[in-house]
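Text of data_39.cif (mmCIF, C-alpha atoms) as supplied:
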data_protein
loop_
_atom_site.label_atom_id
_atom_site.label_comp_id
_atom_site.auth_asym_id
_atom_site.auth_seq_id
_atom_site.Cartn_x
_atom_site.Cartn_y
_atom_site.Cartn_z
CA MET A 1 34.44 51.00 -87.17
CA ARG A 2 33.93 47.31 -87.78
CA ASP A 3 37.15 46.69 -89.61
CA SER A 4 39.23 49.49 -88.16
CA LYS A 5 42.03 48.61 -85.81
CA TYR A 6 39.90 49.97 -82.94
CA GLY A 7 37.05 47.63 -83.79
CA LYS A 8 39.42 44.71 -83.82
CA ALA A 9 40.90 45.69 -80.46
CA PHE A 10 37.41 46.04 -79.04
CA ARG A 11 36.29 42.61 -80.22
CA ALA A 12 39.44 40.92 -78.96
CA ALA A 13 39.12 42.69 -75.60
CA PHE A 14 35.44 41.83 -75.28
CA VAL A 15 36.07 38.11 -75.75
CA ARG A 16 38.87 38.30 -73.18
CA THR A 17 36.64 39.96 -70.57
CA ILE A 18 33.69 37.54 -70.77
CA PRO A 19 34.76 35.57 -67.67
CA VAL A 20 35.05 38.80 -65.68
CA MET A 21 31.65 39.98 -66.93
CA ALA A 22 29.80 37.24 -65.06
CA GLY A 23 31.72 37.83 -61.85
CA TYR A 24 31.46 41.60 -61.89
CA LEU A 25 27.77 41.70 -62.79
CA VAL A 26 26.87 39.31 -59.97
CA LEU A 27 29.19 40.70 -57.29
CA GLY A 28 28.38 44.27 -58.34
CA PHE A 29 24.69 43.42 -58.04
CA GLY A 30 25.25 42.16 -54.50
CA PHE A 31 27.14 45.33 -53.65
CA GLY A 32 24.39 47.60 -55.02
CA LEU A 33 21.72 45.63 -53.18
CA LEU A 34 23.66 45.79 -49.91
CA LEU A 35 24.25 49.53 -50.26
CA GLN A 36 20.57 50.06 -51.01
CA SER A 37 19.58 48.10 -47.90
CA ARG A 38 21.61 50.61 -45.87
CA GLY A 39 19.65 53.50 -47.35
CA TYR A 40 21.97 54.56 -50.17
CA SER A 41 20.30 54.64 -53.60
CA PHE A 42 21.80 53.19 -56.79
CA LEU A 43 23.30 56.61 -57.56
CA TRP A 44 25.64 56.08 -54.62
CA ALA A 45 26.50 52.65 -55.96
CA ILE A 46 27.40 54.17 -59.35
CA LEU A 47 29.42 56.92 -57.68
CA MET A 48 31.41 54.43 -55.61
CA SER A 49 31.91 52.01 -58.50
CA ILE A 50 33.36 54.83 -60.59
CA THR A 51 35.47 56.58 -57.94
CA ILE A 52 36.66 53.76 -55.68
CA TYR A 53 36.36 50.85 -58.10
CA GLY A 54 37.59 47.97 -55.99
CA GLY A 55 35.31 45.12 -54.92
CA SER A 56 36.46 44.26 -51.40
CA MET A 57 37.02 47.89 -50.44
CA GLN A 58 33.58 48.94 -51.63
CA PHE A 59 31.94 46.26 -49.49
CA VAL A 60 33.97 47.46 -46.53
CA THR A 61 33.05 51.07 -47.33
CA VAL A 62 29.36 50.18 -46.99
CA ASP A 63 30.15 49.12 -43.45
CA LEU A 64 32.34 52.12 -42.71
CA LEU A 65 29.57 54.44 -43.91
CA SER A 66 26.88 52.80 -41.77
CA ALA A 67 29.17 52.78 -38.75
CA GLY A 68 30.07 56.45 -39.24
CA ALA A 69 33.74 55.48 -39.21
CA GLY A 70 36.44 58.12 -38.87
CA PHE A 71 38.56 59.24 -41.80
CA ILE A 72 41.78 57.90 -40.30
CA THR A 73 40.33 54.43 -39.79
CA ALA A 74 39.00 54.51 -43.35
CA GLY A 75 42.36 55.68 -44.66
CA ILE A 76 44.33 52.93 -42.95
CA MET A 77 41.77 50.34 -43.98
CA THR A 78 42.07 51.46 -47.61
CA LEU A 79 45.84 51.28 -47.46
CA MET A 80 45.85 47.76 -46.05
CA ILE A 81 43.18 46.38 -48.36
CA HIS A 82 44.59 48.01 -51.48
CA ALA A 83 48.27 47.55 -50.68
CA ARG A 84 48.36 44.65 -53.10
CA HIS A 85 47.67 47.09 -55.93
CA LEU A 86 51.15 48.49 -55.41
CA PHE A 87 52.46 45.16 -56.59
CA TYR A 88 50.10 44.87 -59.52
CA GLY A 89 51.43 48.24 -60.64
CA LEU A 90 55.01 47.18 -60.20
CA SER A 91 54.53 44.10 -62.31
CA MET A 92 52.82 46.14 -65.07
CA LEU A 93 55.52 48.82 -65.32
CA SER A 94 56.83 47.47 -68.59
CA GLY A 95 53.51 46.05 -69.80
CA TYR A 96 51.86 49.47 -69.65
CA ARG A 97 54.82 51.26 -71.22
CA ASP A 98 54.10 52.96 -74.57
CA THR A 99 50.35 52.69 -74.18
CA GLY A 100 49.84 56.37 -75.01
CA LYS A 101 47.23 58.68 -73.62
CA VAL A 102 45.06 55.89 -72.19
CA LYS A 103 47.79 54.94 -69.71
CA PRO A 104 46.42 56.97 -66.76
CA TYR A 105 43.07 55.22 -67.13
CA LEU A 106 44.74 51.80 -67.39
CA ILE A 107 46.43 52.49 -64.05
CA TYR A 108 43.28 53.94 -62.49
CA GLY A 109 41.26 50.85 -63.38
CA LEU A 110 43.81 48.18 -62.47
CA THR A 111 41.65 45.95 -60.24
CA ASP A 112 42.36 42.33 -59.30
CA GLU A 113 40.27 41.01 -62.17
CA THR A 114 41.64 43.40 -64.78
CA TYR A 115 45.14 42.60 -63.60
CA SER A 116 44.44 38.89 -64.07
CA LEU A 117 43.56 39.60 -67.73
CA VAL A 118 46.47 41.91 -68.60
CA CYS A 119 49.28 40.42 -66.51
CA THR A 120 50.04 37.68 -69.04
CA GLY A 121 51.18 40.43 -71.41
CA GLU A 122 49.59 38.73 -74.42
CA VAL A 123 48.23 41.06 -77.06
CA PRO A 124 46.54 39.57 -80.15
CA ASP A 125 48.31 40.06 -83.48
CA GLY A 126 47.49 43.19 -85.41
CA VAL A 127 45.99 44.94 -82.39
CA LYS A 128 47.47 48.00 -80.73
CA LYS A 129 48.50 47.25 -77.14
CA GLY A 130 47.13 50.53 -75.79
CA SER A 131 43.66 50.18 -77.27
CA TYR A 132 43.42 46.48 -76.37
CA TYR A 133 44.26 47.17 -72.72
CA PHE A 134 42.00 50.22 -72.75
CA TRP A 135 38.95 48.22 -73.85
CA ILE A 136 39.65 45.46 -71.34
CA THR A 137 39.90 47.99 -68.51
CA LEU A 138 36.85 49.97 -69.62
CA LEU A 139 34.63 46.93 -70.27
CA ASP A 140 35.47 45.50 -66.84
CA GLN A 141 34.55 48.76 -65.15
CA VAL A 142 31.34 49.01 -67.18
CA TYR A 143 30.31 45.52 -66.02
CA TRP A 144 31.01 46.52 -62.43
CA VAL A 145 29.13 49.83 -62.63
CA VAL A 146 26.16 48.25 -64.44
CA GLY A 147 26.01 45.37 -61.94
CA SER A 148 26.09 47.65 -58.92
CA ALA A 149 23.52 50.04 -60.38
CA ALA A 150 21.23 47.11 -61.21
CA GLY A 151 21.54 45.80 -57.65
CA GLY A 152 20.62 49.20 -56.23
CA ILE A 153 17.65 49.64 -58.59
CA PHE A 154 16.45 46.10 -57.93
CA GLY A 155 16.55 46.73 -54.19
CA GLN A 156 14.53 49.90 -54.64
CA LEU A 157 11.86 48.43 -56.95
CA VAL A 158 11.34 45.01 -55.46
CA THR A 159 10.34 44.99 -51.85
CA ILE A 160 12.08 41.91 -50.64
CA ASN A 161 13.18 41.32 -47.10
CA THR A 162 16.89 42.04 -47.41
CA LYS A 163 17.70 41.01 -43.85
CA GLY A 164 20.92 39.02 -43.98
CA VAL A 165 22.04 40.29 -47.40
CA ASP A 166 25.13 41.76 -45.75
CA TYR A 167 26.35 38.19 -45.43
CA SER A 168 27.38 38.46 -49.09
CA MET A 169 30.44 40.43 -47.97
CA THR A 170 31.31 37.76 -45.40
CA ALA A 171 30.88 35.04 -48.02
CA LEU A 172 33.18 36.87 -50.45
CA PHE A 173 35.93 37.20 -47.88
CA VAL A 174 35.49 33.63 -46.58
CA VAL A 175 35.90 32.33 -50.13
CA ILE A 176 39.09 34.34 -50.70
CA LEU A 177 40.42 33.26 -47.30
CA THR A 178 39.66 29.60 -48.03
CA ASP A 179 41.50 29.94 -51.31
CA ASN A 180 44.48 31.48 -49.49
CA LEU A 181 44.47 28.67 -46.94
CA LEU A 182 44.62 26.12 -49.76
CA LYS A 183 47.76 27.69 -51.25
CA PRO A 184 50.98 26.70 -49.45
CA ASP A 185 52.49 30.17 -49.91
CA SER A 186 49.71 32.13 -48.30
CA ARG A 187 48.55 29.61 -45.67
CA ILE A 188 50.68 30.89 -42.78
CA PRO A 189 50.03 34.59 -43.52
CA ALA A 190 46.29 33.88 -43.70
CA LEU A 191 46.30 32.00 -40.38
CA ALA A 192 48.40 34.76 -38.79
CA GLY A 193 45.96 37.42 -39.98
CA LEU A 194 42.99 35.44 -38.71
CA PHE A 195 44.51 34.71 -35.30
CA ILE A 196 46.01 38.17 -34.62
CA SER A 197 42.74 39.88 -35.56
CA LEU A 198 40.73 37.52 -33.36
CA VAL A 199 43.00 38.23 -30.38
CA CYS A 200 42.85 41.98 -31.04
CA CYS A 201 39.07 41.84 -31.36
CA ILE A 202 38.83 40.20 -27.93
CA LEU A 203 41.41 42.53 -26.33
CA PHE A 204 40.40 45.86 -27.85
CA GLY A 205 36.71 45.25 -28.57
CA SER A 206 34.90 45.03 -31.88
CA GLY A 207 34.92 48.80 -32.43
CA ASN A 208 38.66 49.37 -32.03
CA PHE A 209 40.49 46.30 -33.20
CA LEU A 210 41.31 47.16 -36.81
CA ILE A 211 44.29 49.44 -36.26
CA PRO A 212 46.00 47.23 -33.64
CA SER A 213 45.30 44.21 -35.87
CA MET A 214 46.91 45.80 -38.90
CA ALA A 215 49.94 46.91 -36.86
CA GLY A 216 50.20 43.44 -35.33
CA ILE A 217 49.90 41.72 -38.71
CA ALA A 218 52.62 43.89 -40.25
CA ALA A 219 54.92 43.28 -37.26
CA VAL A 220 54.36 39.52 -37.13
CA LEU A 221 54.80 39.14 -40.89
CA MET A 222 58.14 40.96 -40.69
CA LEU A 223 59.18 38.69 -37.80
CA LEU A 224 58.16 35.63 -39.79
CA ARG A 225 60.05 36.83 -42.84
CA PRO A 226 63.10 34.54 -42.46
CA VAL A 227 60.87 31.50 -41.93
CA LEU A 228 58.46 32.23 -44.77
CA GLU A 229 61.16 33.13 -47.26
CA ARG A 230 63.05 29.94 -46.46
CA ARG A 231 59.87 27.94 -47.00
CA LYS A 232 59.33 29.57 -50.35
CA GLU A 233 62.89 28.88 -51.41
CA ALA A 234 62.61 25.26 -50.29
CA GLU A 235 59.59 24.81 -52.56
CA ALA A 236 61.17 26.51 -55.54
CA MET B 1 28.53 67.02 -40.04
CA ASN B 2 25.62 66.48 -42.36
CA HIS B 3 25.19 62.81 -43.27
CA THR B 4 25.34 63.24 -47.06
CA LEU B 5 28.43 65.42 -46.81
CA TYR B 6 30.10 62.89 -44.52
CA SER B 7 29.34 60.06 -46.95
CA LEU B 8 30.67 62.03 -49.92
CA LEU B 9 33.85 62.96 -48.06
CA LEU B 10 34.47 59.40 -46.91
CA ILE B 11 34.00 58.08 -50.45
CA ALA B 12 36.30 60.83 -51.75
CA VAL B 13 39.02 59.93 -49.24
CA ILE B 14 38.83 56.22 -50.07
CA GLY B 15 38.64 56.90 -53.82
CA CYS B 16 41.58 59.32 -53.90
CA GLU B 17 43.70 57.06 -51.74
CA THR B 18 42.92 54.07 -53.95
CA ALA B 19 43.94 55.99 -57.07
CA LEU B 20 47.08 57.22 -55.32
CA ILE B 21 48.05 53.64 -54.40
CA ARG B 22 47.50 52.50 -57.99
CA PHE B 23 49.54 55.38 -59.45
CA LEU B 24 52.36 55.27 -56.93
CA PRO B 25 54.44 52.44 -58.48
CA PHE B 26 54.32 54.10 -61.89
CA ALA B 27 55.37 57.44 -60.40
CA VAL B 28 58.19 56.04 -58.27
CA PHE B 29 59.66 53.38 -60.52
CA ARG B 30 59.89 55.13 -63.84
CA LYS B 31 62.46 52.70 -65.06
CA GLU B 32 62.39 49.04 -64.25
CA ASN B 33 64.25 49.37 -60.97
CA LYS B 34 64.41 46.52 -58.58
CA MET B 35 62.13 47.22 -55.68
CA PRO B 36 63.29 46.74 -52.11
CA LYS B 37 63.28 43.10 -51.03
CA ALA B 38 61.24 43.81 -47.90
CA LEU B 39 58.48 45.34 -50.02
CA ASP B 40 58.56 42.41 -52.37
CA TYR B 41 58.12 40.09 -49.41
CA LEU B 42 55.29 42.10 -47.82
CA GLY B 43 53.54 42.18 -51.15
CA SER B 44 53.45 38.42 -51.30
CA VAL B 45 52.21 37.82 -47.74
CA LEU B 46 50.09 40.85 -46.80
CA PRO B 47 47.05 40.18 -49.02
CA GLY B 48 46.52 36.75 -47.46
CA ALA B 49 46.85 38.06 -43.92
CA ILE B 50 44.52 41.01 -44.50
CA MET B 51 41.83 38.66 -45.77
CA GLY B 52 42.02 36.85 -42.41
CA MET B 53 41.44 40.19 -40.69
CA LEU B 54 38.51 41.03 -42.96
CA VAL B 55 36.81 37.76 -42.09
CA ILE B 56 37.10 38.59 -38.37
CA TYR B 57 35.84 42.08 -39.24
CA CYS B 58 32.73 40.57 -40.80
CA PHE B 59 31.98 38.55 -37.66
CA LYS B 60 32.78 41.35 -35.20
CA SER B 61 29.15 41.94 -34.27
CA THR B 62 28.20 38.29 -34.09
CA VAL B 63 27.06 37.34 -30.59
CA ILE B 64 28.09 33.85 -29.59
CA THR B 65 26.96 33.86 -25.95
CA ALA B 66 23.21 34.15 -26.51
CA TRP B 67 20.56 32.63 -28.75
CA PRO B 68 21.00 31.75 -31.61
CA PHE B 69 24.67 31.26 -30.63
CA ALA B 70 25.96 32.35 -34.06
CA LEU B 71 24.28 29.27 -35.58
CA PRO B 72 23.19 31.05 -38.81
CA GLU B 73 26.76 32.27 -39.32
CA LEU B 74 28.25 28.85 -38.58
CA ILE B 75 25.89 27.01 -40.89
CA ALA B 76 26.19 29.49 -43.77
CA THR B 77 29.97 29.71 -43.47
CA ALA B 78 30.29 25.92 -43.40
CA ALA B 79 28.22 25.86 -46.59
CA VAL B 80 30.35 28.56 -48.24
CA VAL B 81 33.60 26.75 -47.41
CA GLY B 82 32.19 23.30 -48.27
CA LEU B 83 30.83 24.47 -51.61
CA TYR B 84 34.12 26.15 -52.42
CA LEU B 85 36.13 23.02 -51.62
CA TRP B 86 33.76 21.04 -53.79
CA LYS B 87 33.13 23.33 -56.79
CA ARG B 88 35.99 25.88 -56.53
CA ASN B 89 33.56 28.47 -57.85
CA THR B 90 33.45 31.83 -56.08
CA LEU B 91 30.02 32.89 -57.32
CA ILE B 92 28.30 29.60 -56.45
CA SER B 93 29.68 29.81 -52.89
CA ILE B 94 28.69 33.44 -52.37
CA GLY B 95 25.29 33.10 -54.03
CA ILE B 96 24.12 29.96 -52.23
CA GLY B 97 25.77 31.00 -48.95
CA THR B 98 24.02 34.38 -48.91
CA VAL B 99 20.60 32.99 -49.84
CA LEU B 100 21.01 30.29 -47.18
CA TYR B 101 21.99 32.87 -44.55
CA MET B 102 19.06 35.11 -45.46
CA GLY B 103 16.73 32.12 -45.18
CA LEU B 104 18.17 31.19 -41.80
CA VAL B 105 17.86 34.65 -40.22
CA GLN B 106 14.46 35.38 -41.78
CA LEU B 107 12.70 32.05 -41.43
CA VAL B 108 14.48 29.70 -39.05
CA PHE B 109 16.22 31.71 -36.32
CA VAL B 110 13.74 34.56 -36.22
#

Step by step, read the file and then write its structure as structure tokens.
Amino acid sequence: MRDSKYGKAFRAAFVRTIPVMAGYLVLGFGFGLLLQSRGYSFLWAILMSITIYGGSMQFVTVDLLSAGAGFITAGIMTLMIHARHLFYGLSMLSGYRDTGKVKPYLIYGLTDETYSLVCTGEVPDGVKKGSYYFWITLLDQVYWVVGSAAGGIFGQLVTINTKGVDYSMTALFVVILTDNLLKPDSRIPALAGLFISLVCCILFGSGNFLIPSMAGIAAVLMLLRPVLERRKEAEA
Amino acid sequence: MNHTLYSLLLIAVIGCETALIRFLPFAVFRKENKMPKALDYLGSVLPGAIMGMLVIYCFKSTVITAWPFALPELIATAAVVGLYLWKRNTLISIGIGTVLYMGLVQLVFV
């Protein structure tokens, strides 16, 4: 295997995924630990990391599960949080062409981090595109599954006081929001999302504000479209 | 509904929908068609706005009118943002922020 073309693709992919490994192991660990603190063993963490496989959404799912959320709320939440994946897919239409029988898995496992590794379209010389992308996608998911399982097992074995561990989800979202606020393109959308949701939370109460917030955000963003597109053009 | 069954169904719904969303572009745009401009626009602005909503979602149960007046949240969040502005490292911000918050709610604002 060492010198076969598969071995070469694997080695090249492994090197490429090292930055994601650290992130996925640590974040996955936090997810598994959080899930465990809500009474779901590491097996649930593995199940979710295989079937849902999306960081932010899995953290939100922990909350939806503990709150006993309805299926419609969960469905709309999934759509809004994962809507960006529609655009990852669109930008990989040609990149993932001619990747053979691994293509369905490449699409299934196209997370933010995996997208960041494959979107450049670079494939090392002498390596088949399909197998290179396959190993990147699979290795990333393995890191995520292993991290989340480890977090769940750790939470079960070590009796630590996990009170407050759910703040890890808040911290993750605050970091992404801060990053969005720093970028000129996403500053106004981020502020709009923050403000509309805050108003909806006050008006409709903490249990019912998600759906009005998402409707409000979509409406306001469409209204702001002329302004935001002009801004973008002015910068370009 | 039994709790385990409910959990499995909820995970199944979220998982199937996620896969559906990821497959949809490949199913719809078999050739490299131009996608509608409005979709292109929403794709560039929606992720940022939804993150704002998720942050509010995280604080939805935080009580600001009684002791400890959301102080643990304020302190930890200031640390998360401050560390991010300084180091620009996601994991450092989340790691230190979470440990700080856990310390605050377990030891300081008990």

Distance query Met102 in chain B at most 12 Å, all atoms listed in the file, self and fewer than 4 positions along chain excluded, as a PDB file with C-alpha atoms, in the coordinates of the input:
ATOM      1  CA  ILE A 160      12.080  41.910 -50.640  1.00  0.00           C
ATOM      2  CA  ASN A 161      13.180  41.320 -47.100  1.00  0.00           C
ATOM      3  CA  THR A 162      16.890  42.040 -47.410  1.00  0.00           C
ATOM      4  CA  LYS A 163      17.700  41.010 -43.850  1.00  0.00           C
ATOM      5  CA  GLY A 164      20.920  39.020 -43.980  1.00  0.00           C
ATOM      6  CA  VAL A 165      22.040  40.290 -47.400  1.00  0.00           C
ATOM      7  CA  ASP A 166      25.130  41.760 -45.750  1.00  0.00           C
ATOM      8  CA  TYR A 167      26.350  38.190 -45.430  1.00  0.00           C
ATOM      9  CA  SER A 168      27.380  38.460 -49.090  1.00  0.00           C
TER      10      SER A 168
ATOM     11  CA  PRO B  72      23.190  31.050 -38.810  1.00  0.00           C
ATOM     12  CA  GLU B  73      26.760  32.270 -39.320  1.00  0.00           C
ATOM     13  CA  ILE B  75      25.890  27.010 -40.890  1.00  0.00           C
ATOM     14  CA  ALA B  76      26.190  29.490 -43.770  1.00  0.00           C
ATOM     15  CA  ILE B  94      28.690  33.440 -52.370  1.00  0.00           C
ATOM     16  CA  GLY B  95      25.290  33.100 -54.030  1.00  0.00           C
ATOM     17  CA  ILE B  96      24.120  29.960 -52.230  1.00  0.00           C
ATOM     18  CA  GLY B  97      25.770  31.000 -48.950  1.00  0.00           C
ATOM     19  CA  THR B  98      24.020  34.380 -48.910  1.00  0.00           C
ATOM     20  CA  GLN B 106      14.460  35.380 -41.780  1.00  0.00           C
ATOM     21  CA  LEU B 107      12.700  32.050 -41.430  1.00  0.00           C
ATOM     22  CA  VAL B 108      14.480  29.700 -39.050  1.00  0.00           C
ATOM     23  CA  PHE B 109      16.220  31.710 -36.320  1.00  0.00           C
ATOM     24  CA  VAL B 110      13.740  34.560 -36.220  1.00  0.00           C
TER      25      VAL B 110
END

All residues 8 Å or closer to Pro25 in chain B, only C-alpha atoms, same chain fewer than 6 positions away omitted, as a short mmCIF file (atom, residue, chain, number, x, y, z; two decimals) with C-alpha atoms, keeping the file's coordinate frame:
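Final file, around00.cif:
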data_model
loop_
_atom_site.label_atom_id
_atom_site.label_comp_id
_atom_site.auth_asym_id
_atom_site.auth_seq_id
_atom_site.Cartn_x
_atom_site.Cartn_y
_atom_site.Cartn_z
CA LEU A 86 51.15 48.49 -55.41
CA PHE A 87 52.46 45.16 -56.59
CA GLY A 89 51.43 48.24 -60.64
CA LEU A 90 55.01 47.18 -60.20
CA LEU A 93 55.52 48.82 -65.32
#

Practice task
Compile the residues of chain A that lie within 7 Å of chain B, evaluated using all atoms listed in the file, and express the compilation as a count of residues only.
Solution key: 44

Handout entry: Computed interatomic separation between CA of Val15 in chain A and CA of Val145 in chain A (Å)
Key = 18.9 Å

Problem - Selection result of the PyMOL selection byres ((chain A and resi 19) around 12) on this file, as a PyMOL selection string - result: (chain A and resi 13-18+20-26+113-114+116-117+136+139-140+143) or (chain B and resi 91)

Exercise for the section: Can you work out the spacing between CA of Ile72 in chain A and CA of Leu210 in chain A in Å, to one decimal? Expected result: 11.3 Å

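Using all atoms listed in the file, the smallest distance between any of A:Gly70, A:Gly95, A:Gly54, A:Gly130 and Tyr6 in chain A comes from A:Gly130.
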
Fill in the blank from the handout: Restricting to all atoms listed in the file, whichever of A:Ile76, A:Ile176, A:Leu182, A:Val146 is closest to Ala45 in chain A is A:Val146

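Minimum atom-to-atom distance to Ser131 in chain A, evaluated using all atoms listed in the file, belongs to A:Val102 out of A:Leu110, A:Val102, A:Ile153, A:Ile211.
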
Handout entry: For Val123 in chain A: contacts at 10 Å, only C-alpha atoms, fewer than 6 positions along chain excluded, given as an MDAnalysis selection string
Key = chainID A and resid 9 12:13 129:130 132:133

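Taking CA of Leu228 in chain A and CA of Gly216 in chain A as the two end points, the separation is 16.8 Å.
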
How big is the axis-aligned box around the listed atoms of range 80-86 of chain A once 3 Å is added on each side, and where is its centre? Give both in Å to one decimal, as lines of an AutoDock Vina configuration file.
center_x = 47.2
center_y = 46.6
center_z = -51.0
size_x = 14.0
size_y = 9.8
size_z = 15.9

Exercise for the section: Counting only C-alpha atoms, note down every residue that has an atom within 10 Å of the point (60.8, 33.6, -50.4) (file coordinates), as a ChimeraX atom specification. Expected result: /A:185,225-236 /B:37,40-41,44-45

Handout entry: Selection: 8 Å around Gly109 in chain A, only C-alpha atoms, excl. self and same-chain fewer than 3 positions, as a PyMOL selection string
Key = chain A and resi 53+105-106+114+137-138+141

Exercise for the section: Return as a PyMOL selection string the set of residues that the PyMOL selection byres ((chain A and resi 156) around 10) yields on the displayed structure. Expected result: chain A and resi 33+36-37+39-42+150-155+157-160

Practice task
Mind checking which residues fall within 7 Å of Ser213 in chain A, counting all atoms listed in the file, ignoring those fewer than 4 positions away in the same chain, and posting them as a list in words?
Solution key: Ile196, Ser197, Cys200, Phe209 and Ile217 of chain A
